[in-house]
$ cat model.pdb   # PDB, C-alpha atoms
ATOM      1  CA  MET W 251     -20.627   3.294 -13.098  1.00  0.00           C
ATOM      2  CA  SER W 252     -21.863   6.642 -11.827  1.00  0.00           C
ATOM      3  CA  ASP W 253     -19.786   9.802 -11.463  1.00  0.00           C
ATOM      4  CA  ALA W 254     -20.167   9.427  -7.686  1.00  0.00           C
ATOM      5  CA  PHE W 255     -17.987   6.291  -7.609  1.00  0.00           C
ATOM      6  CA  THR W 256     -15.024   5.504  -9.848  1.00  0.00           C
ATOM      7  CA  THR W 257     -12.405   2.806  -9.440  1.00  0.00           C
ATOM      8  CA  ARG W 258      -9.177   1.810 -11.163  1.00  0.00           C
ATOM      9  CA  MET W 259      -6.591  -0.924 -10.678  1.00  0.00           C
ATOM     10  CA  LEU W 260      -2.868  -0.092 -10.583  1.00  0.00           C
ATOM     11  CA  HIS W 261      -0.264  -2.718 -11.372  1.00  0.00           C
ATOM     12  CA  VAL W 262       2.897  -2.290  -9.311  1.00  0.00           C
ATOM     13  CA  SER W 263       6.103  -4.290  -9.719  1.00  0.00           C
ATOM     14  CA  THR W 264       7.859  -4.576  -6.360  1.00  0.00           C
ATOM     15  CA  GLY W 265      10.658  -6.906  -7.476  1.00  0.00           C
ATOM     16  CA  THR W 266      12.369  -9.477  -5.295  1.00  0.00           C
ATOM     17  CA  ARG W 267      13.200  -7.341  -2.269  1.00  0.00           C
ATOM     18  CA  GLU W 268      11.162  -5.774   0.508  1.00  0.00           C
ATOM     19  CA  ARG W 269       9.879  -2.381  -0.558  1.00  0.00           C
ATOM     20  CA  VAL W 270       7.917   0.674   0.375  1.00  0.00           C
ATOM     21  CA  VAL W 271       6.543   2.048  -2.904  1.00  0.00           C
ATOM     22  CA  ASP W 272       5.237   5.624  -2.968  1.00  0.00           C
ATOM     23  CA  LEU W 273       1.835   5.675  -4.700  1.00  0.00           C
ATOM     24  CA  THR W 274       1.044   9.343  -4.033  1.00  0.00           C
ATOM     25  CA  ALA W 275       1.614  10.500  -7.622  1.00  0.00           C
ATOM     26  CA  ASP W 276      -0.609   7.660  -8.903  1.00  0.00           C
ATOM     27  CA  CYS W 277      -3.344   8.675  -6.453  1.00  0.00           C
ATOM     28  CA  GLU W 278      -3.085  12.332  -7.480  1.00  0.00           C
ATOM     29  CA  GLU W 279      -3.205  11.460 -11.201  1.00  0.00           C
ATOM     30  CA  PHE W 280      -6.281   9.285 -10.650  1.00  0.00           C
ATOM     31  CA  LEU W 281      -8.019  12.118  -8.775  1.00  0.00           C
ATOM     32  CA  ARG W 282      -7.173  14.663 -11.505  1.00  0.00           C
ATOM     33  CA  GLU W 283      -8.957  12.376 -13.977  1.00  0.00           C
ATOM     34  CA  VAL W 284     -12.022  11.464 -11.911  1.00  0.00           C
ATOM     35  CA  ALA W 285     -12.665  13.882  -9.055  1.00  0.00           C
ATOM     36  CA  ALA W 286     -13.308  16.996 -11.188  1.00  0.00           C
ATOM     37  CA  GLY W 287     -12.830  19.412  -8.294  1.00  0.00           C
ATOM     38  CA  ARG W 288     -15.245  17.552  -6.005  1.00  0.00           C
ATOM     39  CA  ASP W 289     -14.929  16.643  -2.352  1.00  0.00           C
ATOM     40  CA  GLY W 290     -15.030  12.991  -1.388  1.00  0.00           C
ATOM     41  CA  LEU W 291     -12.973  10.029  -0.252  1.00  0.00           C
ATOM     42  CA  LEU W 292     -10.161   8.088  -1.870  1.00  0.00           C
ATOM     43  CA  ASN W 293      -9.892   4.469  -0.811  1.00  0.00           C
ATOM     44  CA  VAL W 294      -6.620   2.680  -1.545  1.00  0.00           C
ATOM     45  CA  PHE W 295      -6.814  -1.117  -1.222  1.00  0.00           C
ATOM     46  CA  VAL W 296      -4.293  -3.860  -1.930  1.00  0.00           C
ATOM     47  CA  PRO W 297      -6.064  -7.214  -2.502  1.00  0.00           C
ATOM     48  CA  HIS W 298      -3.165  -9.359  -1.312  1.00  0.00           C
ATOM     49  CA  ALA W 299      -2.693 -11.332   1.921  1.00  0.00           C
ATOM     50  CA  THR W 300       0.928 -10.197   2.276  1.00  0.00           C
ATOM     51  CA  ALA W 301       1.011  -6.432   1.643  1.00  0.00           C
ATOM     52  CA  GLY W 302      -0.342  -3.269   3.193  1.00  0.00           C
ATOM     53  CA  ILE W 303      -0.979   0.436   2.656  1.00  0.00           C
ATOM     54  CA  ALA W 304       0.722   3.023   4.877  1.00  0.00           C
ATOM     55  CA  VAL W 305       0.569   6.800   5.081  1.00  0.00           C
ATOM     56  CA  ILE W 306       4.143   7.720   5.961  1.00  0.00           C
ATOM     57  CA  GLU W 307       6.929  10.169   5.157  1.00  0.00           C
ATOM     58  CA  THR W 308       9.235   8.919   2.406  1.00  0.00           C
ATOM     59  CA  GLY W 309      12.631   9.947   1.138  1.00  0.00           C
ATOM     60  CA  ALA W 310      14.085  10.935   4.522  1.00  0.00           C
ATOM     61  CA  GLY W 311      14.691   7.406   5.810  1.00  0.00           C
ATOM     62  CA  SER W 312      11.270   6.733   7.323  1.00  0.00           C
ATOM     63  CA  ASP W 313      10.466   4.147   4.664  1.00  0.00           C
ATOM     64  CA  ASP W 314      13.669   2.228   5.529  1.00  0.00           C
ATOM     65  CA  ASP W 315      12.898   2.707   9.239  1.00  0.00           C
ATOM     66  CA  LEU W 316       9.478   1.143   8.666  1.00  0.00           C
ATOM     67  CA  LEU W 317      11.052  -1.919   7.031  1.00  0.00           C
ATOM     68  CA  ALA W 318      13.592  -2.159   9.888  1.00  0.00           C
ATOM     69  CA  ALA W 319      10.791  -1.947  12.480  1.00  0.00           C
ATOM     70  CA  LEU W 320       8.880  -4.670  10.647  1.00  0.00           C
ATOM     71  CA  HIS W 321      12.025  -6.849  10.750  1.00  0.00           C
ATOM     72  CA  THR W 322      12.117  -6.378  14.524  1.00  0.00           C
ATOM     73  CA  LEU W 323       8.403  -7.091  14.981  1.00  0.00           C
ATOM     74  CA  LEU W 324       8.163  -9.799  12.323  1.00  0.00           C
ATOM     75  CA  PRO W 325      11.544 -11.520  11.906  1.00  0.00           C
ATOM     76  CA  ALA W 326      12.035 -13.621   8.768  1.00  0.00           C
ATOM     77  CA  ASP W 327      12.890 -16.837  10.601  1.00  0.00           C
ATOM     78  CA  ASP W 328      11.368 -20.266  11.188  1.00  0.00           C
ATOM     79  CA  ARG W 329       9.051 -19.335  14.097  1.00  0.00           C
ATOM     80  CA  TRP W 330       5.993 -18.997  11.832  1.00  0.00           C
ATOM     81  CA  GLN W 331       3.429 -21.777  11.446  1.00  0.00           C
ATOM     82  CA  HIS W 332       2.632 -20.614   7.914  1.00  0.00           C
ATOM     83  CA  ARG W 333       5.678 -22.127   6.194  1.00  0.00           C
ATOM     84  CA  HIS W 334       5.348 -22.171   2.406  1.00  0.00           C
ATOM     85  CA  GLY W 335       7.496 -19.884   0.244  1.00  0.00           C
ATOM     86  CA  SER W 336      10.767 -18.241   1.244  1.00  0.00           C
ATOM     87  CA  PRO W 337      12.147 -18.813   4.754  1.00  0.00           C
ATOM     88  CA  GLY W 338      10.159 -16.683   7.190  1.00  0.00           C
ATOM     89  CA  HIS W 339       7.352 -16.080   4.682  1.00  0.00           C
ATOM     90  CA  GLY W 340       4.753 -16.665   7.419  1.00  0.00           C
ATOM     91  CA  ARG W 341       5.542 -13.201   8.765  1.00  0.00           C
ATOM     92  CA  ASP W 342       4.400 -11.703   5.444  1.00  0.00           C
ATOM     93  CA  HIS W 343       0.934 -13.075   6.187  1.00  0.00           C
ATOM     94  CA  VAL W 344       0.917 -11.318   9.573  1.00  0.00           C
ATOM     95  CA  LEU W 345       1.956  -7.960   8.041  1.00  0.00           C
ATOM     96  CA  PRO W 346      -1.609  -6.816   7.114  1.00  0.00           C
ATOM     97  CA  ALA W 347      -2.594  -6.976  10.798  1.00  0.00           C
ATOM     98  CA  ILE W 348       0.056  -4.296  11.469  1.00  0.00           C
ATOM     99  CA  VAL W 349       0.059  -2.410   8.153  1.00  0.00           C
ATOM    100  CA  PRO W 350      -3.570  -2.716   6.990  1.00  0.00           C
ATOM    101  CA  PRO W 351      -4.372  -3.483   3.347  1.00  0.00           C
ATOM    102  CA  HIS W 352      -6.309  -0.231   2.958  1.00  0.00           C
ATOM    103  CA  ALA W 353      -6.441   3.494   3.669  1.00  0.00           C
ATOM    104  CA  THR W 354      -9.308   5.938   3.200  1.00  0.00           C
ATOM    105  CA  LEU W 355      -8.212   9.532   2.663  1.00  0.00           C
ATOM    106  CA  PRO W 356     -10.027  12.864   2.312  1.00  0.00           C
ATOM    107  CA  VAL W 357     -10.282  14.574  -1.058  1.00  0.00           C
ATOM    108  CA  ILE W 358     -11.036  18.306  -0.990  1.00  0.00           C
ATOM    109  CA  GLY W 359     -11.687  20.192  -4.210  1.00  0.00           C
ATOM    110  CA  GLY W 360     -10.481  17.211  -6.223  1.00  0.00           C
ATOM    111  CA  ARG W 361      -7.129  17.062  -4.420  1.00  0.00           C
ATOM    112  CA  LEU W 362      -5.765  14.518  -1.990  1.00  0.00           C
ATOM    113  CA  GLU W 363      -5.651  16.155   1.436  1.00  0.00           C
ATOM    114  CA  LEU W 364      -2.376  14.906   2.946  1.00  0.00           C
ATOM    115  CA  GLY W 365      -0.119  16.524   5.509  1.00  0.00           C
ATOM    116  CA  THR W 366       3.104  18.176   4.351  1.00  0.00           C
ATOM    117  CA  TRP W 367       5.317  15.092   4.677  1.00  0.00           C
ATOM    118  CA  GLN W 368       2.724  12.351   4.183  1.00  0.00           C
ATOM    119  CA  SER W 369       2.793   9.925   1.260  1.00  0.00           C
ATOM    120  CA  VAL W 370       0.527   6.999   0.385  1.00  0.00           C
ATOM    121  CA  CYS W 371       2.659   3.852   0.139  1.00  0.00           C
ATOM    122  CA  LEU W 372       2.417   0.174  -0.682  1.00  0.00           C
ATOM    123  CA  VAL W 373       4.348  -1.874   1.885  1.00  0.00           C
ATOM    124  CA  ASP W 374       5.470  -5.227   0.509  1.00  0.00           C
ATOM    125  CA  THR W 375       7.713  -7.599   2.466  1.00  0.00           C
ATOM    126  CA  ASN W 376       6.886 -10.643   0.320  1.00  0.00           C
ATOM    127  CA  LYS W 377       9.864 -11.334  -1.934  1.00  0.00           C
ATOM    128  CA  ASP W 378       7.985 -14.236  -3.561  1.00  0.00           C
ATOM    129  CA  ASN W 379       5.336 -12.046  -5.242  1.00  0.00           C
ATOM    130  CA  PRO W 380       6.873  -9.279  -7.390  1.00  0.00           C
ATOM    131  CA  ASP W 381       3.617  -8.164  -9.024  1.00  0.00           C
ATOM    132  CA  ARG W 382       0.979  -6.338  -7.007  1.00  0.00           C
ATOM    133  CA  ARG W 383      -2.384  -4.796  -7.717  1.00  0.00           C
ATOM    134  CA  VAL W 384      -3.660  -1.714  -5.916  1.00  0.00           C
ATOM    135  CA  ARG W 385      -7.270  -0.565  -6.290  1.00  0.00           C
ATOM    136  CA  LEU W 386      -7.964   3.167  -6.176  1.00  0.00           C
ATOM    137  CA  SER W 387     -11.603   4.127  -5.602  1.00  0.00           C
ATOM    138  CA  PHE W 388     -13.036   7.634  -5.451  1.00  0.00           C
ATOM    139  CA  LEU W 389     -16.388   8.282  -3.850  1.00  0.00           C
ATOM    140  CA  GLY W 390     -17.490  11.879  -4.344  1.00  0.00           C
TER     141      GLY W 390
END
$ encode --input "model.pdb" --output "structure tokens"
Amino acid sequence: MSDAFTTRMLHVSTGTRERVVDLTADCEEFLREVAAGRDGLLNVFVPHATAGIAVIETGAGSDDDLLAALHTLLPADDRWQHRHGSPGHGRDHVLPAIVPPHATLPVIGGRLELGTWQSVCLVDTNKDNPDRRVRLSFLG
């Protein structure tokens, strides 16, 4: 693989509860290893049908607010046609239409260019799948 494009897979354990997992430190570590001070793009992609990637403030309640909003928009009840798994699991399959499975972010001088309170997060409402993969790709 050329120096212009590098990719790596993260393995993230989300457990058996809904979670917003901050991946910012993982993204920054990856860029320190591969970006070498260059400008480019970081793509973060979760190859799962029931998880997404969000750029959101964490640690001040916004991550819990996001999960609460998703409960309002996508209640875990029996309304869903997709019915395997835990009760209400069909909503997990709708999640990526609201929280997309990817984000592409600017990298300037080898560093992730986020706003002051922004973090890159995995959003996982699927309690049935505790092990997730997240692909980080740098194009510089």
$ atom_distance --input "model.pdb" --atom1 "CA of Pro380 in chain W" --atom2 "CA of Thr266 in chain W"
5.9 Å
$ residues_around --input "model.pdb" --residues "Arg383 in chain W" --least-positions-apart "3" --cutoff "7 Å" --atoms "all atoms listed in the file" --output "list in words"
Met259, Leu260, His261, Val262, Val296 and Pro297 of chain W
$ residues_around --input "model.pdb" --residues "Pro356 in chain W" --least-positions-apart "3" --cutoff "8 Å" --atoms "only C-alpha atoms" --output "list in words"
Asp289, Gly290, Leu291, Leu292, Leu362, Glu363 and Leu364 of chain W
$ residues_near_point --input "model.pdb" --point "(13.6, -10.5, -5.5)" --cutoff "6 Å" --atoms "all atoms listed in the file" --output "list in words"
Gly265, Thr266, Arg267 and Lys377 of chain W
$ atom_distance --input "model.pdb" --atom1 "CA of Asp313 in chain W" --atom2 "CA of Gly340 in chain W"
21.8 Å
$ residues_around --input "model.pdb" --residues "Asn293 in chain W" --least-positions-apart "5" --cutoff "10 Å" --atoms "only C-alpha atoms" --output "list in words"
Thr257, Cys277, His352, Ala353, Thr354, Leu355, Pro356, Arg385, Leu386, Ser387, Phe388 and Leu389 of chain W
$ residues_around --input "model.pdb" --residues "Ala310 in chain W" --least-positions-apart "4" --cutoff "10 Å" --atoms "all atoms listed in the file" --output "PyMOL selection string"
chain W and resi 314-315+367
$ write_last_selection --input "model.pdb" --atoms "C-alpha atoms" --output "PDB file, in the coordinates of the input"
ATOM      1  CA  ASP W 314      13.669   2.228   5.529  1.00  0.00           C
ATOM      2  CA  ASP W 315      12.898   2.707   9.239  1.00  0.00           C
ATOM      3  CA  TRP W 367       5.317  15.092   4.677  1.00  0.00           C
TER       4      TRP W 367
END
$ atom_distance --input "model.pdb" --atom1 "CA of Phe295 in chain W" --atom2 "CA of Val384 in chain W"
5.7 Å
$ residues_around --input "model.pdb" --residues "Asp378 in chain W" --least-positions-apart "3" --cutoff "12 Å" --atoms "all atoms listed in the file" --output "PyMOL selection string"
chain W and resi 263-268+300-301+334-340+342+374-375+381-382
$ closest_residue --input "model.pdb" --among "W:Ala254, W:Pro351, W:His343, W:Ala304" --to "Leu316 in chain W" --atoms "only C-alpha atoms"
W:Ala304
$ resolve_selection --input "model.pdb" --expression "the PyMOL selection byres ((chain W and resi 371) around 8)" --output "ChimeraX atom specification"
/W:270-274,303-306,369-370,372-373
$ write_last_selection --input "model.pdb" --atoms "C-alpha atoms" --output "PDB file, in the frame of the given file"
ATOM      1  CA  VAL W 270       7.917   0.674   0.375  1.00  0.00           C
ATOM      2  CA  VAL W 271       6.543   2.048  -2.904  1.00  0.00           C
ATOM      3  CA  ASP W 272       5.237   5.624  -2.968  1.00  0.00           C
ATOM      4  CA  LEU W 273       1.835   5.675  -4.700  1.00  0.00           C
ATOM      5  CA  THR W 274       1.044   9.343  -4.033  1.00  0.00           C
ATOM      6  CA  ILE W 303      -0.979   0.436   2.656  1.00  0.00           C
ATOM      7  CA  ALA W 304       0.722   3.023   4.877  1.00  0.00           C
ATOM      8  CA  VAL W 305       0.569   6.800   5.081  1.00  0.00           C
ATOM      9  CA  ILE W 306       4.143   7.720   5.961  1.00  0.00           C
ATOM     10  CA  SER W 369       2.793   9.925   1.260  1.00  0.00           C
ATOM     11  CA  VAL W 370       0.527   6.999   0.385  1.00  0.00           C
ATOM     12  CA  LEU W 372       2.417   0.174  -0.682  1.00  0.00           C
ATOM     13  CA  VAL W 373       4.348  -1.874   1.885  1.00  0.00           C
TER      14      VAL W 373
END
$ resolve_selection --input "model.pdb" --expression "the PyMOL selection byres ((chain W and resi 359) around 6)" --output "list of chain:residue names"
W:Gly287, W:Arg288, W:Asp289, W:Ile358, W:Gly360, W:Arg361
$ closest_residue --input "model.pdb" --among "W:Val357, W:Leu281, W:Ile348, W:Val294" --to "Leu323 in chain W" --atoms "all atoms listed in the file"
W:Ile348
$ resolve_selection --input "model.pdb" --expression "the PyMOL selection byres ((chain W and resi 324) around 9)" --output "compact mmCIF listing (two decimals) with C-alpha atoms, in the frame of the given file"
# COMPACT_ATOMS: atom_id res chain seq x y z
CA ALA W 319 10.79 -1.95 12.48
CA LEU W 320 8.88 -4.67 10.65
CA HIS W 321 12.02 -6.85 10.75
CA THR W 322 12.12 -6.38 14.52
CA LEU W 323 8.40 -7.09 14.98
CA PRO W 325 11.54 -11.52 11.91
CA ALA W 326 12.04 -13.62 8.77
CA ASP W 327 12.89 -16.84 10.60
CA GLY W 338 10.16 -16.68 7.19
CA ARG W 341 5.54 -13.20 8.76
CA ASP W 342 4.40 -11.70 5.44
CA VAL W 344 0.92 -11.32 9.57
CA LEU W 345 1.96 -7.96 8.04
$ build_atoms --input "model.pdb" --residues "range 316-345 of chain W" --atoms "N, CA and C atoms" --output "mmCIF file, keeping the file's coordinate frame"
data_model
loop_
_atom_site.group_PDB
_atom_site.id
_atom_site.type_symbol
_atom_site.label_atom_id
_atom_site.label_comp_id
_atom_site.auth_asym_id
_atom_site.auth_seq_id
_atom_site.Cartn_x
_atom_site.Cartn_y
_atom_site.Cartn_z
ATOM 1 N N LEU W 316 10.663 1.995 8.591
ATOM 2 C CA LEU W 316 9.478 1.143 8.666
ATOM 3 C C LEU W 316 9.858 -0.311 8.391
ATOM 4 N N LEU W 317 10.635 -0.548 7.339
ATOM 5 C CA LEU W 317 11.052 -1.919 7.031
ATOM 6 C C LEU W 317 11.895 -2.504 8.166
ATOM 7 N N ALA W 318 12.772 -1.692 8.764
ATOM 8 C CA ALA W 318 13.592 -2.159 9.888
ATOM 9 C C ALA W 318 12.710 -2.506 11.089
ATOM 10 N N ALA W 319 11.712 -1.668 11.369
ATOM 11 C CA ALA W 319 10.791 -1.947 12.480
ATOM 12 C C ALA W 319 10.017 -3.231 12.226
ATOM 13 N N LEU W 320 9.599 -3.436 10.976
ATOM 14 C CA LEU W 320 8.880 -4.670 10.647
ATOM 15 C C LEU W 320 9.785 -5.888 10.813
ATOM 16 N N HIS W 321 11.078 -5.747 10.520
ATOM 17 C CA HIS W 321 12.025 -6.849 10.750
ATOM 18 C C HIS W 321 12.111 -7.180 12.234
ATOM 19 N N THR W 322 12.068 -6.149 13.083
ATOM 20 C CA THR W 322 12.117 -6.378 14.524
ATOM 21 C C THR W 322 10.834 -7.044 15.014
ATOM 22 N N LEU W 323 9.686 -6.538 14.560
ATOM 23 C CA LEU W 323 8.403 -7.091 14.981
ATOM 24 C C LEU W 323 8.098 -8.449 14.358
ATOM 25 N N LEU W 324 8.497 -8.607 13.107
ATOM 26 C CA LEU W 324 8.163 -9.799 12.323
ATOM 27 C C LEU W 324 9.434 -10.360 11.690
ATOM 28 N N PRO W 325 10.300 -11.013 12.470
ATOM 29 C CA PRO W 325 11.544 -11.520 11.906
ATOM 30 C C PRO W 325 11.296 -12.604 10.855
ATOM 31 N N ALA W 326 12.133 -12.620 9.843
ATOM 32 C CA ALA W 326 12.035 -13.621 8.768
ATOM 33 C C ALA W 326 12.810 -14.866 9.192
ATOM 34 N N ASP W 327 12.239 -15.617 10.130
ATOM 35 C CA ASP W 327 12.890 -16.837 10.601
ATOM 36 C C ASP W 327 11.886 -17.983 10.593
ATOM 37 N N ASP W 328 12.209 -19.065 11.268
ATOM 38 C CA ASP W 328 11.368 -20.266 11.188
ATOM 39 C C ASP W 328 10.328 -20.368 12.309
ATOM 40 N N ARG W 329 10.032 -19.295 13.003
ATOM 41 C CA ARG W 329 9.051 -19.335 14.097
ATOM 42 C C ARG W 329 7.603 -19.430 13.609
ATOM 43 N N TRP W 330 7.348 -19.133 12.346
ATOM 44 C CA TRP W 330 5.993 -18.997 11.832
ATOM 45 C C TRP W 330 5.388 -20.344 11.456
ATOM 46 N N GLN W 331 4.123 -20.545 11.791
ATOM 47 C CA GLN W 331 3.429 -21.777 11.446
ATOM 48 C C GLN W 331 3.109 -21.837 9.955
ATOM 49 N N HIS W 332 2.881 -20.695 9.360
ATOM 50 C CA HIS W 332 2.632 -20.614 7.914
ATOM 51 C C HIS W 332 3.993 -20.722 7.233
ATOM 52 N N ARG W 333 4.298 -21.849 6.593
ATOM 53 C CA ARG W 333 5.678 -22.127 6.194
ATOM 54 C C ARG W 333 5.951 -22.261 4.701
ATOM 55 N N HIS W 334 5.007 -22.053 3.829
ATOM 56 C CA HIS W 334 5.348 -22.171 2.406
ATOM 57 C C HIS W 334 6.133 -20.953 1.953
ATOM 58 N N GLY W 335 6.765 -21.036 0.788
ATOM 59 C CA GLY W 335 7.496 -19.884 0.244
ATOM 60 C C GLY W 335 8.881 -19.736 0.831
ATOM 61 N N SER W 336 9.430 -18.539 0.739
ATOM 62 C CA SER W 336 10.767 -18.241 1.244
ATOM 63 C C SER W 336 10.828 -18.446 2.753
ATOM 64 N N PRO W 337 12.022 -18.693 3.291
ATOM 65 C CA PRO W 337 12.147 -18.813 4.754
ATOM 66 C C PRO W 337 11.594 -17.562 5.448
ATOM 67 N N GLY W 338 10.757 -17.784 6.452
ATOM 68 C CA GLY W 338 10.159 -16.683 7.190
ATOM 69 C C GLY W 338 8.946 -16.059 6.527
ATOM 70 N N HIS W 339 8.474 -16.649 5.433
ATOM 71 C CA HIS W 339 7.352 -16.080 4.682
ATOM 72 C C HIS W 339 6.075 -15.954 5.524
ATOM 73 N N GLY W 340 5.933 -16.753 6.557
ATOM 74 C CA GLY W 340 4.753 -16.665 7.419
ATOM 75 C C GLY W 340 4.562 -15.271 7.994
ATOM 76 N N ARG W 341 5.653 -14.561 8.230
ATOM 77 C CA ARG W 341 5.542 -13.201 8.765
ATOM 78 C C ARG W 341 4.866 -12.270 7.773
ATOM 79 N N ASP W 342 5.040 -12.537 6.462
ATOM 80 C CA ASP W 342 4.400 -11.703 5.444
ATOM 81 C C ASP W 342 2.881 -11.765 5.561
ATOM 82 N N HIS W 343 2.380 -12.910 6.026
ATOM 83 C CA HIS W 343 0.934 -13.075 6.187
ATOM 84 C C HIS W 343 0.407 -12.388 7.449
ATOM 85 N N VAL W 344 1.296 -12.048 8.366
ATOM 86 C CA VAL W 344 0.917 -11.318 9.573
ATOM 87 C C VAL W 344 0.970 -9.803 9.321
ATOM 88 N N LEU W 345 1.764 -9.383 8.345
ATOM 89 C CA LEU W 345 1.956 -7.960 8.041
ATOM 90 C C LEU W 345 0.651 -7.168 7.959
#
